[in-house]
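final-v6.cif (mmCIF, C-alpha atoms) appears below.
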```cif
data_structure
loop_
_atom_site.label_atom_id
_atom_site.label_comp_id
_atom_site.auth_asym_id
_atom_site.auth_seq_id
_atom_site.Cartn_x
_atom_site.Cartn_y
_atom_site.Cartn_z
CA MET A 1 195.89 135.45 192.58
CA LYS A 2 195.56 138.87 190.93
CA THR A 3 197.60 139.99 187.96
CA GLN A 4 198.41 143.51 186.87
CA SER A 5 200.44 143.87 183.68
CA ASN A 6 203.54 141.69 184.19
CA THR A 7 203.42 141.49 187.99
CA VAL A 8 201.70 138.90 190.11
CA GLN A 9 200.28 139.74 193.51
CA LEU A 10 199.30 136.98 195.87
CA GLU A 11 196.31 137.51 198.07
CA SER A 12 197.41 137.50 201.67
CA PHE A 13 196.74 134.60 203.98
CA ARG A 14 196.58 134.95 207.71
CA PHE A 15 198.91 132.57 209.52
CA ILE A 16 197.38 131.08 212.66
CA LYS A 17 199.26 128.96 215.17
CA VAL A 18 197.63 125.62 215.97
CA GLN A 19 196.87 126.59 219.56
CA ASP A 20 195.31 129.88 218.39
CA PHE A 21 193.16 128.04 215.83
CA PHE A 22 191.64 125.88 218.51
CA ASN A 23 191.13 128.84 220.85
CA GLU A 24 189.44 130.96 218.13
CA SER A 25 187.28 128.23 216.65
CA GLY A 26 186.10 126.71 219.90
CA ASN A 27 187.33 123.28 218.78
CA GLU A 28 188.71 120.82 221.27
CA PRO A 29 192.48 120.97 221.81
CA TRP A 30 194.70 118.32 220.26
CA GLN A 31 194.71 115.02 222.07
CA LYS A 32 197.96 113.23 222.86
CA LEU A 33 198.55 109.54 222.41
CA LYS A 34 199.29 107.77 225.69
CA GLY A 35 201.84 105.31 224.33
CA THR A 36 202.69 102.47 221.99
CA THR A 37 201.08 99.15 222.84
CA ASP A 38 202.21 96.96 219.93
CA MET A 39 204.20 96.91 216.73
CA LYS A 40 203.71 94.36 213.93
CA PHE A 41 205.44 94.11 210.58
CA ASN A 42 203.42 92.75 207.66
CA LYS A 43 205.99 91.29 205.21
CA THR A 44 203.42 90.70 202.47
CA HIS A 45 202.38 94.36 202.33
CA LYS A 46 205.73 95.78 203.54
CA ARG A 47 203.81 97.64 206.23
CA LEU A 48 204.52 98.46 209.87
CA ASP A 49 201.43 98.64 212.09
CA VAL A 50 202.02 100.64 215.28
CA SER A 51 199.25 100.47 217.88
CA PHE A 52 198.65 103.27 220.38
CA VAL A 53 196.25 104.22 223.16
CA ASN A 54 194.32 107.47 222.66
CA ALA A 55 193.88 109.97 225.49
CA ASP A 56 190.37 108.58 226.07
CA GLY A 57 191.72 105.02 226.42
CA SER A 58 190.55 103.77 223.02
CA ALA A 59 192.91 101.99 220.63
CA CYS A 60 194.26 103.39 217.37
CA THR A 61 196.79 102.21 214.79
CA LEU A 62 199.27 104.02 212.56
CA LEU A 63 200.22 102.34 209.28
CA LEU A 64 203.62 102.89 207.65
CA TYR A 65 203.85 101.46 204.13
CA PHE A 66 207.32 101.04 202.61
CA LEU A 67 206.59 101.66 198.92
CA SER A 68 210.20 101.65 197.75
CA ASP A 69 213.65 101.77 199.28
CA SER A 70 213.24 105.54 199.78
CA ILE A 71 209.47 106.20 199.89
CA ILE A 72 207.07 105.59 202.77
CA ARG A 73 203.38 106.33 203.11
CA LYS A 74 201.90 107.07 206.53
CA ARG A 75 198.21 106.55 207.27
CA PHE A 76 196.78 107.57 210.61
CA HIS A 77 193.29 108.13 211.92
CA PRO A 78 192.84 108.23 215.70
CA GLY A 79 189.41 106.58 215.37
CA LEU A 80 190.68 103.44 213.61
CA ALA A 81 191.76 100.69 216.00
CA SER A 82 193.49 98.30 213.58
CA ALA A 83 194.85 97.97 210.05
CA ALA A 84 191.66 96.12 209.08
CA ASP A 85 189.64 99.28 209.85
CA TYR A 86 191.38 101.31 207.13
CA PRO A 87 189.73 101.41 203.70
CA LEU A 88 191.55 99.48 200.98
CA GLY A 89 191.13 102.16 198.32
CA ASN A 90 193.24 105.29 198.03
CA LYS A 91 191.94 108.83 198.00
CA ARG A 92 192.20 110.40 194.55
CA THR A 93 195.14 112.53 195.68
CA VAL A 94 197.12 109.28 195.42
CA VAL A 95 197.24 108.16 191.82
CA MET A 96 196.60 104.41 192.04
CA ASP A 97 193.41 102.77 193.32
CA SER A 98 195.11 100.87 196.16
CA VAL A 99 198.38 101.04 198.04
CA ASN A 100 199.36 97.68 196.50
CA ASP A 101 198.82 99.08 192.99
CA LEU A 102 200.90 102.10 193.92
CA ALA A 103 203.74 100.00 195.37
CA ALA A 104 203.81 97.83 192.21
CA THR A 105 204.86 100.86 190.14
CA PHE A 106 208.18 101.20 192.03
CA ASP A 107 211.35 99.14 191.66
CA LYS A 108 211.62 95.92 193.66
CA PHE A 109 213.32 96.18 197.05
CA GLN A 110 213.74 94.32 200.33
CA VAL A 111 212.55 95.35 203.79
CA ASN A 112 214.13 93.94 206.94
CA PHE A 113 212.34 94.48 210.26
CA THR A 114 214.16 93.75 213.53
CA ARG A 115 212.82 94.19 217.06
CA THR A 116 215.27 95.75 219.51
CA ASP A 117 215.25 96.40 223.26
CA THR A 118 214.10 99.97 222.63
CA GLY A 119 211.70 99.37 219.72
CA ALA A 120 212.62 98.27 216.22
CA THR A 121 214.83 98.95 213.21
CA ILE A 122 213.74 98.87 209.60
CA LYS A 123 216.21 98.70 206.76
CA THR A 124 215.30 98.84 203.07
CA SER A 125 217.66 97.58 200.38
CA ALA A 126 217.65 98.07 196.62
CA ASN A 127 220.37 98.09 193.97
CA GLY A 128 223.08 97.53 196.58
CA GLN A 129 222.01 100.58 198.63
CA ASP A 130 220.68 100.32 202.19
CA THR A 131 218.48 102.84 204.00
CA LEU A 132 217.97 102.64 207.76
CA TRP A 133 214.54 104.05 208.77
CA LEU A 134 214.12 103.45 212.50
#
```
Using structure tokens, write down the structure that the file contains.
Amino acid sequence: MKTQSNTVQLESFRFIKVQDFFNESGNEPWQKLKGTTDMKFNKTHKRLDVSFVNADGSACTLLLYFLSDSIIRKRFHPGLASAADYPLGNKRTVVMDSVNDLAATFDKFQVNFTRTDTGATIKTSANGQDTLWL
């Protein structure tokens, strides 16, 4: 950022579309997930584990943590096959040392997970208010 007297000028950034980034950098194109293979709800950690198959046939898992009745945290790495493969500690961009420490700072709430014919529904409840997630 450059300043001149009372005005602020931002240095320009070049916007690049995702597909152009991969073409210019020589990186591999984005890989698509083939489909969902399993879905498990962990009541203790208020976490939904969604398992997928990568384009190369390997397994990967997405973690959705319900931290409060209105806050979720998503963790996904296509190279991690299960919830056990994820590190327990948080990166320093998240204030607390673990996701459990972080969740403990929020008000208490309930999470209800229900399987349906087409997938699942998740409803959080706190202070008489319900939020339907899926």
* Asked: Can you tell me, as a ChimeraX atom specification, what residues are no more than 10 Å from Ile71 in chain A when counting all atoms listed in the file, ignoring any on the same chain fewer than 5 positions away?
  -> /A:65-66,103,106,124
* Step by step, work through what the PyMOL selection byres ((chain A and resi 61) around 9) selects in the shown file, and finish by giving those residues as a list in words. => Asp49, Val50, Ser51, Phe52, Val53, Ala59, Cys60, Leu62, Leu63, Arg75, Phe76, His77, Pro78, Gly79, Leu80, Ala81, Ser82 and Ala83 of chain A
* To do: Would you mind telling me which residue in A:Thr114, A:Thr44, A:Gln129, A:Thr121 lies nearest to Asn100 in chain A when using all atoms listed in the file?
  => A:Thr44
* To do: For Ser125 in chain A, list every protein, DNA or RNA residue within 10 Å, evaluated using all atoms listed in the file, and leave out those in the same chain fewer than 5 positions away; present the list as a ChimeraX atom specification.
  => /A:68-70,108-112,130-132
Pull C-alpha atoms from the residues just selected and write them as a PDB file, in the coordinates of the input.
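Listing of again_4.pdb after writing:
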```pdb
ATOM      1  CA  SER A  68     210.200 101.650 197.750  1.00  0.00           C
ATOM      2  CA  ASP A  69     213.650 101.770 199.280  1.00  0.00           C
ATOM      3  CA  SER A  70     213.240 105.540 199.780  1.00  0.00           C
ATOM      4  CA  LYS A 108     211.620  95.920 193.660  1.00  0.00           C
ATOM      5  CA  PHE A 109     213.320  96.180 197.050  1.00  0.00           C
ATOM      6  CA  GLN A 110     213.740  94.320 200.330  1.00  0.00           C
ATOM      7  CA  VAL A 111     212.550  95.350 203.790  1.00  0.00           C
ATOM      8  CA  ASN A 112     214.130  93.940 206.940  1.00  0.00           C
ATOM      9  CA  ASP A 130     220.680 100.320 202.190  1.00  0.00           C
ATOM     10  CA  THR A 131     218.480 102.840 204.000  1.00  0.00           C
ATOM     11  CA  LEU A 132     217.970 102.640 207.760  1.00  0.00           C
TER      12      LEU A 132
END
```
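Minimum atom-to-atom distances from A:Gln19, A:Phe41, A:Ile72, A:Lys34 to Ala120 in chain A were compared using all atoms listed in the file, and the lowest value belongs to A:Phe41.
CA of Val95 in chain A is positioned 28.3 Å from CA of Gly128 in chain A.
One distance worth recording is that between CA of Thr116 in chain A and CA of Ser58 in chain A, which is 26.2 Å.
Here CA of Leu48 in chain A and CA of Arg73 in chain A stand 10.4 Å from one another.
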* Taking the file as shown, what set of residues would the PyMOL selection byres ((chain A and resi 99) around 9) give back, as an NGL selection string? -> :A and (45 or 65 or 67 or 73 or 88-90 or 94 or 96-98 or 100-104)
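Minimum atom-to-atom distance to Lys123 in chain A, evaluated using all atoms listed in the file, belongs to A:Lys46 out of A:Lys17, A:Leu33, A:Lys46, A:Lys40.
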Coordinate excerpt as an mmCIF file, in the first residue's frame: range 42-74 of chain A, N, CA and C atoms:
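In the end it all went to decode.cif:
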```
data_model
loop_
_atom_site.group_PDB
_atom_site.id
_atom_site.type_symbol
_atom_site.label_atom_id
_atom_site.label_comp_id
_atom_site.auth_asym_id
_atom_site.auth_seq_id
_atom_site.Cartn_x
_atom_site.Cartn_y
_atom_site.Cartn_z
ATOM 1 N N ASN A 42 -20.329 -38.077 14.649
ATOM 2 C CA ASN A 42 -19.672 -38.307 15.922
ATOM 3 C C ASN A 42 -20.319 -37.371 16.947
ATOM 4 N N LYS A 43 -21.204 -37.943 17.801
ATOM 5 C CA LYS A 43 -21.933 -37.123 18.780
ATOM 6 C C LYS A 43 -20.997 -36.472 19.789
ATOM 7 N N THR A 44 -19.967 -37.193 20.209
ATOM 8 C CA THR A 44 -19.048 -36.671 21.214
ATOM 9 C C THR A 44 -18.387 -35.382 20.745
ATOM 10 N N HIS A 45 -17.927 -35.364 19.498
ATOM 11 C CA HIS A 45 -17.218 -34.201 18.957
ATOM 12 C C HIS A 45 -18.105 -33.289 18.116
ATOM 13 N N LYS A 46 -19.412 -33.656 18.005
ATOM 14 C CA LYS A 46 -20.356 -32.882 17.191
ATOM 15 C C LYS A 46 -19.759 -32.646 15.800
ATOM 16 N N ARG A 47 -19.391 -33.770 15.168
ATOM 17 C CA ARG A 47 -18.674 -33.721 13.894
ATOM 18 C C ARG A 47 -19.283 -34.712 12.911
ATOM 19 N N LEU A 48 -19.473 -34.250 11.669
ATOM 20 C CA LEU A 48 -19.924 -35.111 10.589
ATOM 21 C C LEU A 48 -18.721 -35.466 9.726
ATOM 22 N N ASP A 49 -18.486 -36.764 9.560
ATOM 23 C CA ASP A 49 -17.402 -37.256 8.706
ATOM 24 C C ASP A 49 -18.032 -37.753 7.409
ATOM 25 N N VAL A 50 -17.655 -37.147 6.292
ATOM 26 C CA VAL A 50 -18.189 -37.539 4.986
ATOM 27 C C VAL A 50 -17.040 -38.117 4.169
ATOM 28 N N SER A 51 -17.168 -39.380 3.803
ATOM 29 C CA SER A 51 -16.120 -40.073 3.046
ATOM 30 C C SER A 51 -16.417 -40.018 1.561
ATOM 31 N N PHE A 52 -15.358 -39.819 0.768
ATOM 32 C CA PHE A 52 -15.458 -39.709 -0.684
ATOM 33 C C PHE A 52 -14.432 -40.624 -1.339
ATOM 34 N N VAL A 53 -14.551 -40.759 -2.658
ATOM 35 C CA VAL A 53 -13.540 -41.418 -3.469
ATOM 36 C C VAL A 53 -12.930 -40.350 -4.364
ATOM 37 N N ASN A 54 -11.597 -40.230 -4.320
ATOM 38 C CA ASN A 54 -10.883 -39.308 -5.205
ATOM 39 C C ASN A 54 -10.913 -39.815 -6.638
ATOM 40 N N ALA A 55 -10.542 -38.954 -7.573
ATOM 41 C CA ALA A 55 -10.503 -39.316 -8.992
ATOM 42 C C ALA A 55 -9.576 -40.502 -9.244
ATOM 43 N N ASP A 56 -8.518 -40.639 -8.426
ATOM 44 C CA ASP A 56 -7.576 -41.747 -8.616
ATOM 45 C C ASP A 56 -8.012 -43.031 -7.902
ATOM 46 N N GLY A 57 -9.194 -42.997 -7.257
ATOM 47 C CA GLY A 57 -9.719 -44.177 -6.576
ATOM 48 C C GLY A 57 -9.385 -44.257 -5.102
ATOM 49 N N SER A 58 -8.521 -43.373 -4.605
ATOM 50 C CA SER A 58 -8.176 -43.386 -3.185
ATOM 51 C C SER A 58 -9.291 -42.749 -2.358
ATOM 52 N N ALA A 59 -9.297 -43.055 -1.068
ATOM 53 C CA ALA A 59 -10.319 -42.533 -0.163
ATOM 54 C C ALA A 59 -9.892 -41.199 0.431
ATOM 55 N N CYS A 60 -10.872 -40.355 0.737
ATOM 56 C CA CYS A 60 -10.620 -39.117 1.467
ATOM 57 C C CYS A 60 -11.852 -38.795 2.310
ATOM 58 N N THR A 61 -11.666 -37.992 3.340
ATOM 59 C CA THR A 61 -12.758 -37.667 4.256
ATOM 60 C C THR A 61 -12.790 -36.178 4.544
ATOM 61 N N LEU A 62 -13.992 -35.614 4.497
ATOM 62 C CA LEU A 62 -14.261 -34.225 4.856
ATOM 63 C C LEU A 62 -14.825 -34.221 6.270
ATOM 64 N N LEU A 63 -14.351 -33.312 7.106
ATOM 65 C CA LEU A 63 -14.854 -33.195 8.475
ATOM 66 C C LEU A 63 -15.620 -31.882 8.622
ATOM 67 N N LEU A 64 -16.850 -31.966 9.128
ATOM 68 C CA LEU A 64 -17.642 -30.777 9.439
ATOM 69 C C LEU A 64 -17.882 -30.752 10.940
ATOM 70 N N TYR A 65 -17.263 -29.786 11.624
ATOM 71 C CA TYR A 65 -17.444 -29.626 13.061
ATOM 72 C C TYR A 65 -18.543 -28.603 13.301
ATOM 73 N N PHE A 66 -19.488 -28.919 14.165
ATOM 74 C CA PHE A 66 -20.520 -27.969 14.568
ATOM 75 C C PHE A 66 -20.058 -27.366 15.893
ATOM 76 N N LEU A 67 -19.530 -26.143 15.823
ATOM 77 C CA LEU A 67 -18.925 -25.501 16.985
ATOM 78 C C LEU A 67 -19.951 -24.783 17.850
ATOM 79 N N SER A 68 -21.024 -24.329 17.239
ATOM 80 C CA SER A 68 -22.126 -23.706 17.962
ATOM 81 C C SER A 68 -23.373 -23.921 17.125
ATOM 82 N N ASP A 69 -24.484 -23.325 17.551
ATOM 83 C CA ASP A 69 -25.713 -23.505 16.785
ATOM 84 C C ASP A 69 -25.662 -22.779 15.445
ATOM 85 N N SER A 70 -24.667 -21.904 15.237
ATOM 86 C CA SER A 70 -24.597 -21.161 13.974
ATOM 87 C C SER A 70 -23.197 -21.120 13.352
ATOM 88 N N ILE A 71 -22.254 -21.895 13.902
ATOM 89 C CA ILE A 71 -20.880 -21.874 13.392
ATOM 90 C C ILE A 71 -20.421 -23.300 13.094
ATOM 91 N N ILE A 72 -19.925 -23.501 11.865
ATOM 92 C CA ILE A 72 -19.326 -24.788 11.523
ATOM 93 C C ILE A 72 -17.883 -24.555 11.085
ATOM 94 N N ARG A 73 -17.092 -25.592 11.207
ATOM 95 C CA ARG A 73 -15.714 -25.560 10.711
ATOM 96 C C ARG A 73 -15.545 -26.750 9.780
ATOM 97 N N LYS A 74 -15.070 -26.477 8.581
ATOM 98 C CA LYS A 74 -14.850 -27.536 7.584
ATOM 99 C C LYS A 74 -13.357 -27.811 7.507
#
```
